[in-house]
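Novice: File follows, data_10.tsv with TSV, C-alpha atoms:
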```
chain	number	residue	atom	x	y	z
A	1	MET	CA	82.06	-17.48	23.54
A	2	SER	CA	81.62	-13.80	24.31
A	3	ASP	CA	80.65	-14.41	27.94
A	4	CYS	CA	83.54	-16.80	28.64
A	5	THR	CA	85.08	-16.41	32.10
A	6	HIS	CA	88.09	-18.60	31.20
A	7	ASP	CA	87.30	-20.77	34.21
A	8	CYS	CA	86.82	-24.18	32.61
A	9	SER	CA	86.32	-25.90	35.97
A	10	SER	CA	82.92	-24.24	36.41
A	11	CYS	CA	81.79	-24.43	32.77
A	12	SER	CA	79.90	-27.27	31.05
A	13	SER	CA	80.39	-26.03	27.48
A	14	ASN	CA	82.56	-28.15	25.22
A	15	CYS	CA	84.20	-25.41	23.16
A	16	GLY	CA	87.45	-25.65	21.19
A	17	SER	CA	89.40	-23.54	23.66
A	18	ARG	CA	88.37	-25.62	26.66
A	19	GLN	CA	91.27	-26.53	28.93
A	20	GLU	CA	90.98	-29.23	31.55
A	21	PRO	CA	92.75	-28.68	34.88
A	22	GLN	CA	96.29	-30.03	34.61
A	23	SER	CA	97.37	-32.69	37.09
A	24	PHE	CA	100.96	-32.64	38.34
A	25	ILE	CA	100.71	-36.05	40.03
A	26	GLU	CA	103.76	-38.19	39.21
A	27	GLU	CA	103.61	-41.94	38.65
A	28	PRO	CA	105.62	-43.99	41.16
A	29	ASN	CA	108.30	-46.43	40.06
A	30	LYS	CA	106.82	-49.18	37.89
A	31	LEU	CA	107.90	-51.79	40.43
A	32	SER	CA	106.34	-49.93	43.35
A	33	LYS	CA	103.11	-50.97	44.97
A	34	ILE	CA	101.90	-48.37	47.46
A	35	GLY	CA	98.70	-48.25	49.48
A	36	LYS	CA	97.94	-45.05	51.33
A	37	VAL	CA	100.29	-42.08	51.62
A	38	ILE	CA	100.32	-40.01	54.82
A	39	GLY	CA	102.19	-36.71	55.11
A	40	ILE	CA	103.57	-35.59	58.49
A	41	VAL	CA	103.86	-31.81	58.53
A	42	SER	CA	104.61	-28.96	60.91
A	43	GLY	CA	104.53	-25.20	60.68
A	44	LYS	CA	108.02	-24.86	62.12
A	45	GLY	CA	111.03	-26.95	63.06
A	46	GLY	CA	111.88	-28.45	66.42
A	47	VAL	CA	108.45	-29.81	67.32
A	48	GLY	CA	109.35	-33.51	66.93
A	49	LYS	CA	107.90	-34.19	63.50
A	50	THR	CA	110.42	-36.92	62.67
A	51	MET	CA	109.82	-38.61	66.00
A	52	VAL	CA	106.07	-38.63	65.36
A	53	SER	CA	106.62	-39.99	61.83
A	54	SER	CA	108.76	-42.77	63.27
A	55	LEU	CA	106.28	-43.62	66.03
A	56	LEU	CA	103.38	-43.80	63.57
A	57	ALA	CA	105.40	-46.04	61.27
A	58	VAL	CA	106.30	-48.34	64.17
A	59	GLY	CA	102.66	-48.41	65.28
A	60	MET	CA	101.45	-49.40	61.81
A	61	GLN	CA	104.19	-52.01	61.47
A	62	ARG	CA	103.03	-53.59	64.72
A	63	LEU	CA	99.63	-54.08	63.05
A	64	ASN	CA	101.43	-56.36	60.59
A	65	LYS	CA	101.44	-53.72	57.86
A	66	ASN	CA	104.27	-53.19	55.40
A	67	VAL	CA	105.42	-49.64	56.12
A	68	GLY	CA	107.77	-47.17	54.49
A	69	ILE	CA	109.10	-43.71	55.39
A	70	LEU	CA	110.06	-41.21	52.71
A	71	ASP	CA	112.32	-38.66	54.40
A	72	ALA	CA	111.49	-35.47	52.52
A	73	ASP	CA	113.46	-33.26	54.93
A	74	ILE	CA	116.46	-33.16	52.61
A	75	THR	CA	118.52	-30.57	54.48
A	76	GLY	CA	117.77	-32.03	57.92
A	77	PRO	CA	117.39	-35.79	57.41
A	78	SER	CA	117.11	-37.64	60.71
A	79	VAL	CA	114.89	-40.67	60.07
A	80	PRO	CA	117.84	-43.07	59.52
A	81	LYS	CA	119.34	-42.06	62.89
A	82	ALA	CA	116.08	-42.73	64.72
A	83	PHE	CA	116.09	-46.27	63.32
A	84	GLY	CA	119.83	-46.84	63.72
A	85	ILE	CA	120.35	-47.29	59.96
A	86	LYS	CA	123.99	-46.99	58.89
A	87	SER	CA	124.04	-48.83	55.55
A	88	LYS	CA	123.65	-47.07	52.19
A	89	ALA	CA	120.86	-47.50	49.65
A	90	ASP	CA	121.46	-49.88	46.74
A	91	ALA	CA	120.29	-49.37	43.18
A	92	CYS	CA	119.77	-51.33	39.98
A	93	GLU	CA	118.78	-50.45	36.44
A	94	PHE	CA	115.13	-50.25	37.52
A	95	GLY	CA	115.52	-47.87	40.46
A	96	ILE	CA	116.74	-47.34	44.02
A	97	TYR	CA	116.00	-49.74	46.87
A	98	PRO	CA	115.07	-48.30	50.27
A	99	VAL	CA	116.99	-49.56	53.28
A	100	LYS	CA	115.14	-51.77	55.75
A	101	SER	CA	115.24	-51.08	59.46
A	102	LYS	CA	115.88	-53.83	62.01
A	103	MET	CA	112.15	-54.59	62.19
A	104	GLY	CA	111.56	-54.32	58.45
A	105	ILE	CA	110.41	-50.72	57.87
A	106	ASP	CA	111.56	-49.38	54.47
A	107	VAL	CA	113.36	-46.04	54.72
A	108	MET	CA	114.58	-43.67	52.00
A	109	SER	CA	116.58	-40.60	52.99
A	110	VAL	CA	119.27	-38.46	51.42
A	111	ASN	CA	121.57	-39.57	54.25
A	112	LEU	CA	121.44	-43.06	52.75
A	113	LEU	CA	123.01	-41.67	49.57
A	114	LEU	CA	125.69	-39.39	51.04
A	115	GLU	CA	129.23	-40.64	51.63
A	116	ASN	CA	129.15	-39.25	55.17
A	117	GLU	CA	125.88	-38.75	57.04
A	118	SER	CA	127.21	-35.51	58.52
A	119	ASP	CA	127.86	-33.95	55.09
A	120	PRO	CA	125.65	-30.87	54.64
A	121	VAL	CA	123.19	-30.70	51.76
A	122	VAL	CA	123.83	-27.25	50.30
A	123	TRP	CA	121.31	-27.21	47.46
A	124	ARG	CA	118.82	-24.66	46.22
A	125	GLY	CA	115.08	-25.15	46.61
A	126	PRO	CA	114.27	-26.49	43.12
A	127	VAL	CA	117.03	-29.14	43.38
A	128	ILE	CA	115.77	-30.24	46.80
A	129	ALA	CA	112.21	-30.46	45.52
A	130	GLY	CA	113.43	-32.50	42.56
A	131	VAL	CA	115.15	-35.02	44.84
A	132	VAL	CA	111.96	-35.45	46.87
A	133	LYS	CA	110.06	-36.14	43.66
A	134	GLN	CA	112.69	-38.73	42.69
A	135	PHE	CA	112.21	-40.46	46.04
A	136	TRP	CA	108.69	-41.13	44.77
A	137	THR	CA	109.39	-41.88	41.09
A	138	ASP	CA	112.77	-43.66	41.28
A	139	VAL	CA	112.61	-45.58	44.56
A	140	ILE	CA	111.13	-49.08	44.47
A	141	TRP	CA	108.54	-49.06	47.26
A	142	LYS	CA	107.56	-52.71	47.03
A	143	ASP	CA	104.29	-53.91	48.60
A	144	ILE	CA	103.91	-50.93	50.96
A	145	ASP	CA	100.59	-50.71	52.79
A	146	CYS	CA	101.31	-47.25	54.21
A	147	LEU	CA	104.00	-44.76	53.19
A	148	PHE	CA	104.72	-41.92	55.61
A	149	VAL	CA	106.25	-38.76	54.14
A	150	ASP	CA	108.28	-36.88	56.76
A	151	MET	CA	108.21	-33.35	55.39
A	152	PRO	CA	110.39	-30.37	56.28
A	153	PRO	CA	108.80	-27.59	58.33
A	154	GLY	CA	107.01	-24.68	56.76
A	155	THR	CA	105.01	-24.18	53.58
A	156	GLY	CA	107.78	-23.85	50.99
A	157	ASP	CA	109.02	-25.74	47.93
A	158	VAL	CA	109.06	-29.28	49.32
A	159	PRO	CA	105.56	-29.38	50.90
A	160	LEU	CA	104.21	-27.81	47.70
A	161	THR	CA	106.03	-30.41	45.57
A	162	VAL	CA	104.74	-33.26	47.74
A	163	PHE	CA	101.14	-32.03	47.66
A	164	GLN	CA	101.23	-31.53	43.89
A	165	SER	CA	103.31	-34.55	42.82
A	166	ILE	CA	102.33	-37.32	45.24
A	167	PRO	CA	98.77	-38.59	45.79
A	168	VAL	CA	98.62	-37.84	49.52
A	169	ASP	CA	95.64	-39.47	51.24
A	170	GLY	CA	95.88	-37.26	54.31
A	171	ILE	CA	98.22	-35.34	56.58
A	172	VAL	CA	98.92	-35.24	60.29
A	173	ILE	CA	99.98	-31.87	61.70
A	174	VAL	CA	102.52	-31.91	64.54
A	175	THR	CA	102.71	-29.05	67.01
A	176	SER	CA	103.87	-28.14	70.51
A	177	PRO	CA	102.10	-26.09	73.21
A	178	GLN	CA	103.77	-22.70	72.68
A	179	GLU	CA	101.43	-19.94	71.49
A	180	LEU	CA	103.85	-18.98	68.68
A	181	VAL	CA	103.71	-22.53	67.31
A	182	SER	CA	99.92	-22.48	67.45
A	183	MET	CA	99.88	-19.47	65.14
A	184	ILE	CA	102.17	-21.23	62.66
A	185	VAL	CA	100.05	-24.39	62.78
A	186	GLU	CA	97.22	-22.36	61.32
A	187	LYS	CA	99.41	-21.68	58.29
A	188	ALA	CA	99.88	-25.43	57.74
A	189	VAL	CA	96.14	-26.00	58.12
A	190	LYS	CA	95.31	-23.28	55.62
A	191	MET	CA	97.89	-24.56	53.11
A	192	ALA	CA	96.44	-28.08	53.28
A	193	LYS	CA	92.94	-26.74	52.73
A	194	LEU	CA	94.18	-24.61	49.84
A	195	MET	CA	95.72	-27.71	48.23
A	196	ASN	CA	92.62	-29.84	48.98
A	197	ILE	CA	94.61	-32.26	51.13
A	198	PRO	CA	92.57	-34.01	53.86
A	199	ILE	CA	93.75	-33.27	57.41
A	200	LEU	CA	93.48	-36.33	59.63
A	201	GLY	CA	94.15	-34.40	62.82
A	202	ILE	CA	96.72	-32.79	65.07
A	203	ILE	CA	99.31	-34.35	67.36
A	204	GLU	CA	100.79	-32.23	70.14
A	205	ASN	CA	104.32	-33.18	71.11
A	206	MET	CA	106.01	-32.11	74.37
A	207	SER	CA	102.49	-31.58	75.65
A	208	TYR	CA	103.35	-32.01	79.33
A	209	TYR	CA	105.81	-33.60	81.74
A	210	GLU	CA	104.61	-36.25	84.14
A	211	CYS	CA	106.27	-36.16	87.54
A	212	PRO	CA	107.83	-39.59	88.19
A	213	ASP	CA	107.08	-39.31	91.93
A	214	CYS	CA	103.49	-38.08	92.14
A	215	GLY	CA	102.25	-38.49	88.55
A	216	LYS	CA	101.20	-34.84	88.29
A	217	LYS	CA	101.17	-33.44	84.73
A	218	ILE	CA	103.22	-30.25	84.47
A	219	ASN	CA	102.78	-27.89	81.52
A	220	VAL	CA	106.45	-27.16	80.90
A	221	PHE	CA	105.76	-24.82	77.96
A	222	GLY	CA	102.69	-23.17	79.42
A	223	ASP	CA	99.03	-23.78	78.73
A	224	SER	CA	98.24	-25.45	75.43
A	225	HIS	CA	96.14	-23.67	72.80
A	226	LEU	CA	95.57	-26.87	70.83
A	227	GLU	CA	91.88	-27.21	71.63
A	228	GLU	CA	91.19	-23.70	70.31
A	229	ILE	CA	92.79	-24.40	66.94
A	230	ALA	CA	91.28	-27.87	66.68
A	231	SER	CA	87.83	-26.47	67.44
A	232	GLU	CA	88.19	-23.55	65.01
A	233	TYR	CA	89.03	-25.87	62.11
A	234	SER	CA	86.94	-28.86	63.28
A	235	LEU	CA	90.00	-31.11	63.53
A	236	PRO	CA	90.43	-34.04	65.92
A	237	VAL	CA	93.26	-34.09	68.45
A	238	LEU	CA	94.92	-37.43	67.69
A	239	ALA	CA	97.47	-37.53	70.50
A	240	ARG	CA	99.26	-35.62	73.22
A	241	ILE	CA	102.82	-36.87	73.63
A	242	PRO	CA	104.57	-35.92	76.90
A	243	VAL	CA	108.17	-34.90	77.38
A	244	CYS	CA	109.79	-38.31	77.78
A	245	THR	CA	113.53	-38.69	78.27
A	246	ASP	CA	113.43	-42.42	77.50
A	247	LEU	CA	111.75	-41.76	74.14
A	248	ALA	CA	114.32	-39.08	73.31
A	249	LYS	CA	117.13	-41.53	74.11
A	250	MET	CA	115.59	-44.11	71.80
A	251	CYS	CA	115.64	-41.64	68.92
A	252	ASP	CA	119.25	-40.70	69.68
A	253	ASN	CA	120.34	-44.34	70.02
A	254	GLY	CA	118.51	-45.55	66.90
A	255	THR	CA	116.15	-47.81	68.85
A	256	ILE	CA	112.81	-46.11	68.21
A	257	GLU	CA	111.35	-49.50	67.25
A	258	LEU	CA	111.64	-50.60	70.89
A	259	PHE	CA	109.24	-47.83	71.99
A	260	GLU	CA	106.48	-48.90	74.35
A	261	GLY	CA	103.52	-46.64	75.02
A	262	ASP	CA	99.96	-45.94	73.93
A	263	TRP	CA	100.10	-42.20	73.22
A	264	ILE	CA	99.74	-42.52	69.44
A	265	ASP	CA	97.43	-45.57	69.33
A	266	ALA	CA	94.39	-43.49	68.39
A	267	ALA	CA	96.27	-41.87	65.50
A	268	VAL	CA	97.48	-45.24	64.23
A	269	ASP	CA	93.93	-46.59	64.41
A	270	ILE	CA	92.58	-43.70	62.31
A	271	ILE	CA	95.29	-44.17	59.67
A	272	ASP	CA	94.69	-47.92	59.59
A	273	LYS	CA	90.95	-47.40	58.98
A	274	LEU	CA	91.36	-44.95	56.08
```
In structure tokens, how does this file's structure come out?

Specialist:
Amino acid sequence: MSDCTHDCSSCSSNCGSRQEPQSFIEEPNKLSKIGKVIGIVSGKGGVGKTMVSSLLAVGMQRLNKNVGILDADITGPSVPKAFGIKSKADACEFGIYPVKSKMGIDVMSVNLLLENESDPVVWRGPVIAGVVKQFWTDVIWKDIDCLFVDMPPGTGDVPLTVFQSIPVDGIVIVTSPQELVSMIVEKAVKMAKLMNIPILGIIENMSYYECPDCGKKINVFGDSHLEEIASEYSLPVLARIPVCTDLAKMCDNGTIELFEGDWIDAAVDIIDKL
């Protein structure tokens, strides 16, 4: 047609040159059975994204759900340590089996494939993105009600691969109170909107410190700008997690499943009701 704009998505004509939008979504392993997929993202590192992923997984598991965590942070994998997992992943002719935590959460991480967990992963971006895709296509996620994808920080190869290759039902953005982080959170929000990925809300980690003597909340990192960003993009604030030394020790000691607290209950409830 002479007036063709070459934008088939907005055209109803059925001409010979019509091209449908191409989907890059990959099929999971044939033996996998996965319910909803939730991505945990952050604009930068060091904000406690893995801790939040672990807490959400523990919260869902306590609702008698079968839960899995896909550790997509290939160069900085820390999910196995939070759960105290030392064993390696097994495989068969049909795929790779995730390793179960003490309480039964399925975990897949590159650290479960390396000979030594301290060995660095010195790979280029396309190789890393390919491994993340294999964690979806080759791992047998059996009877999983909710799969959490702990993504690396930023908006690079891996988040793009996850958003394009895996049918993500929604993401949770993790941040901390610093103004610099708030600016970078906006980048994560805009990327999700660009990729048409639903944003479930924002969780602020290290939000405050509660004095053990008087109970006063102290803003260790200054005043939070979370409400401004949440209001600008009409996003709910799902949780504010304080600086908690006991929680940090649990992550370091591999006992995150023993966590007791109600900070992320609202976030777990929203994910459960999806």

Novice: With 8 Å as the threshold, what does the neighbourhood of (93.3, -44.1, 47.9) contain in terms of residues, counting all atoms listed in the file? Coordinates are those of the file; answer as a list of chain:residue names.

Specialist: A:Gly35, A:Lys36, A:Asp169

Novice: Dump as a PyMOL selection string all residues having an atom at most 12 Å from (93.6, -30.5, 52.9), computed in the file's coordinates with all atoms listed in the file.

Specialist: chain A and resi 38-39+41+163-164+167-173+187-201+233+235

Novice: Just the residues within 7 Å of segment 145-152 of chain A, please, counting all atoms listed in the file, with nothing from its chain fewer than 6 positions along; format it as a PDB file with C-alpha atoms, keeping the file's coordinate frame.

Specialist:
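Generated file (result16.pdb):
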```
ATOM      1  CA  ILE A  34     101.900 -48.370  47.460  1.00  0.00           C
ATOM      2  CA  GLY A  35      98.700 -48.250  49.480  1.00  0.00           C
ATOM      3  CA  LYS A  36      97.940 -45.050  51.330  1.00  0.00           C
ATOM      4  CA  VAL A  37     100.290 -42.080  51.620  1.00  0.00           C
ATOM      5  CA  ILE A  38     100.320 -40.010  54.820  1.00  0.00           C
ATOM      6  CA  GLY A  39     102.190 -36.710  55.110  1.00  0.00           C
ATOM      7  CA  ILE A  40     103.570 -35.590  58.490  1.00  0.00           C
ATOM      8  CA  VAL A  41     103.860 -31.810  58.530  1.00  0.00           C
ATOM      9  CA  THR A  50     110.420 -36.920  62.670  1.00  0.00           C
ATOM     10  CA  SER A  53     106.620 -39.990  61.830  1.00  0.00           C
ATOM     11  CA  LYS A  65     101.440 -53.720  57.860  1.00  0.00           C
ATOM     12  CA  ASN A  66     104.270 -53.190  55.400  1.00  0.00           C
ATOM     13  CA  VAL A  67     105.420 -49.640  56.120  1.00  0.00           C
ATOM     14  CA  GLY A  68     107.770 -47.170  54.490  1.00  0.00           C
ATOM     15  CA  ILE A  69     109.100 -43.710  55.390  1.00  0.00           C
ATOM     16  CA  LEU A  70     110.060 -41.210  52.710  1.00  0.00           C
ATOM     17  CA  ASP A  71     112.320 -38.660  54.400  1.00  0.00           C
ATOM     18  CA  ALA A  72     111.490 -35.470  52.520  1.00  0.00           C
ATOM     19  CA  ASP A  73     113.460 -33.260  54.930  1.00  0.00           C
ATOM     20  CA  PRO A 159     105.560 -29.380  50.900  1.00  0.00           C
TER      21      PRO A 159
END
```

Novice: Closest to Glu27 of chain A among A:Glu204, A:Ala239, A:His225, A:Gln134, using all atoms listed in the file?

Specialist: A:Gln134

Novice: Of the candidates A:Pro177, A:Gly76, A:Gly222, A:Gly104, which shows the shortest atom-to-atom distance to Val58 of chain A, using all atoms listed in the file?

Specialist: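 Nearest candidate to Val58 of chain A out of A:Pro177, A:Gly76, A:Gly222, A:Gly104: A:Gly104.
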
Novice: Would you kindly return, as a list of chain:residue names, each protein, DNA or RNA residue with an atom no farther than 12 Å from any atom of Asp262 of chain A, considering all atoms listed in the file and excluding same-chain residues fewer than 5 positions away?

Specialist: A:Leu55, A:Leu56, A:Val58, A:Gly59, A:Leu238, A:Ala239, A:Arg240, A:Ile241, A:Pro242, A:Ala267, A:Val268, A:Asp269

Novice: Compare A:Thr137, A:Ser23, A:Gln178, A:Ser54 by their minimum atom-to-atom distance to Ile256 of chain A, counting only C-alpha atoms, and give me the closest one.

Specialist: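 Ranking A:Thr137, A:Ser23, A:Gln178, A:Ser54 by distance to Ile256 of chain A, first place goes to A:Ser54.
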
Novice: Which value, in Å to one decimal, gives the distance between atom CA of Lys88 of chain A and atom CA of Asp252 of chain A?

Specialist: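 If I compute the distance from atom CA of Lys88 of chain A to atom CA of Asp252 of chain A, I get 19.1 Å.
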
Novice: Just how far from atom CA of Met206 of chain A is atom CA of Val243 of chain A, in Å to one decimal?

Specialist: 4.6 Å

Novice: Please indicate the distance in Å from atom CA of Val79 of chain A to atom CA of Gly254 of chain A, rounded to one decimal place.

Specialist: 9.1 Å

Novice: Calculated over all atoms listed in the file, which of the candidates A:Ala82, A:Val185, A:Ile270, A:Val220 has the smallest distance to Val47 of chain A?

Specialist: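 Going through A:Ala82, A:Val185, A:Ile270, A:Val220 one by one, the smallest distance to Val47 of chain A is for A:Val185.
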
Novice: Counting all atoms listed in the file, which residue out of A:Trp136, A:Phe83, A:Phe221, A:Phe24 sits closest to Leu160 of chain A?

Specialist: A:Phe24

Novice: Which residue is closest to Glu186 of chain A? Choose from A:Ala91, A:Lys81, A:Leu226, A:Ser165 and count all atoms listed in the file.

Specialist: A:Leu226
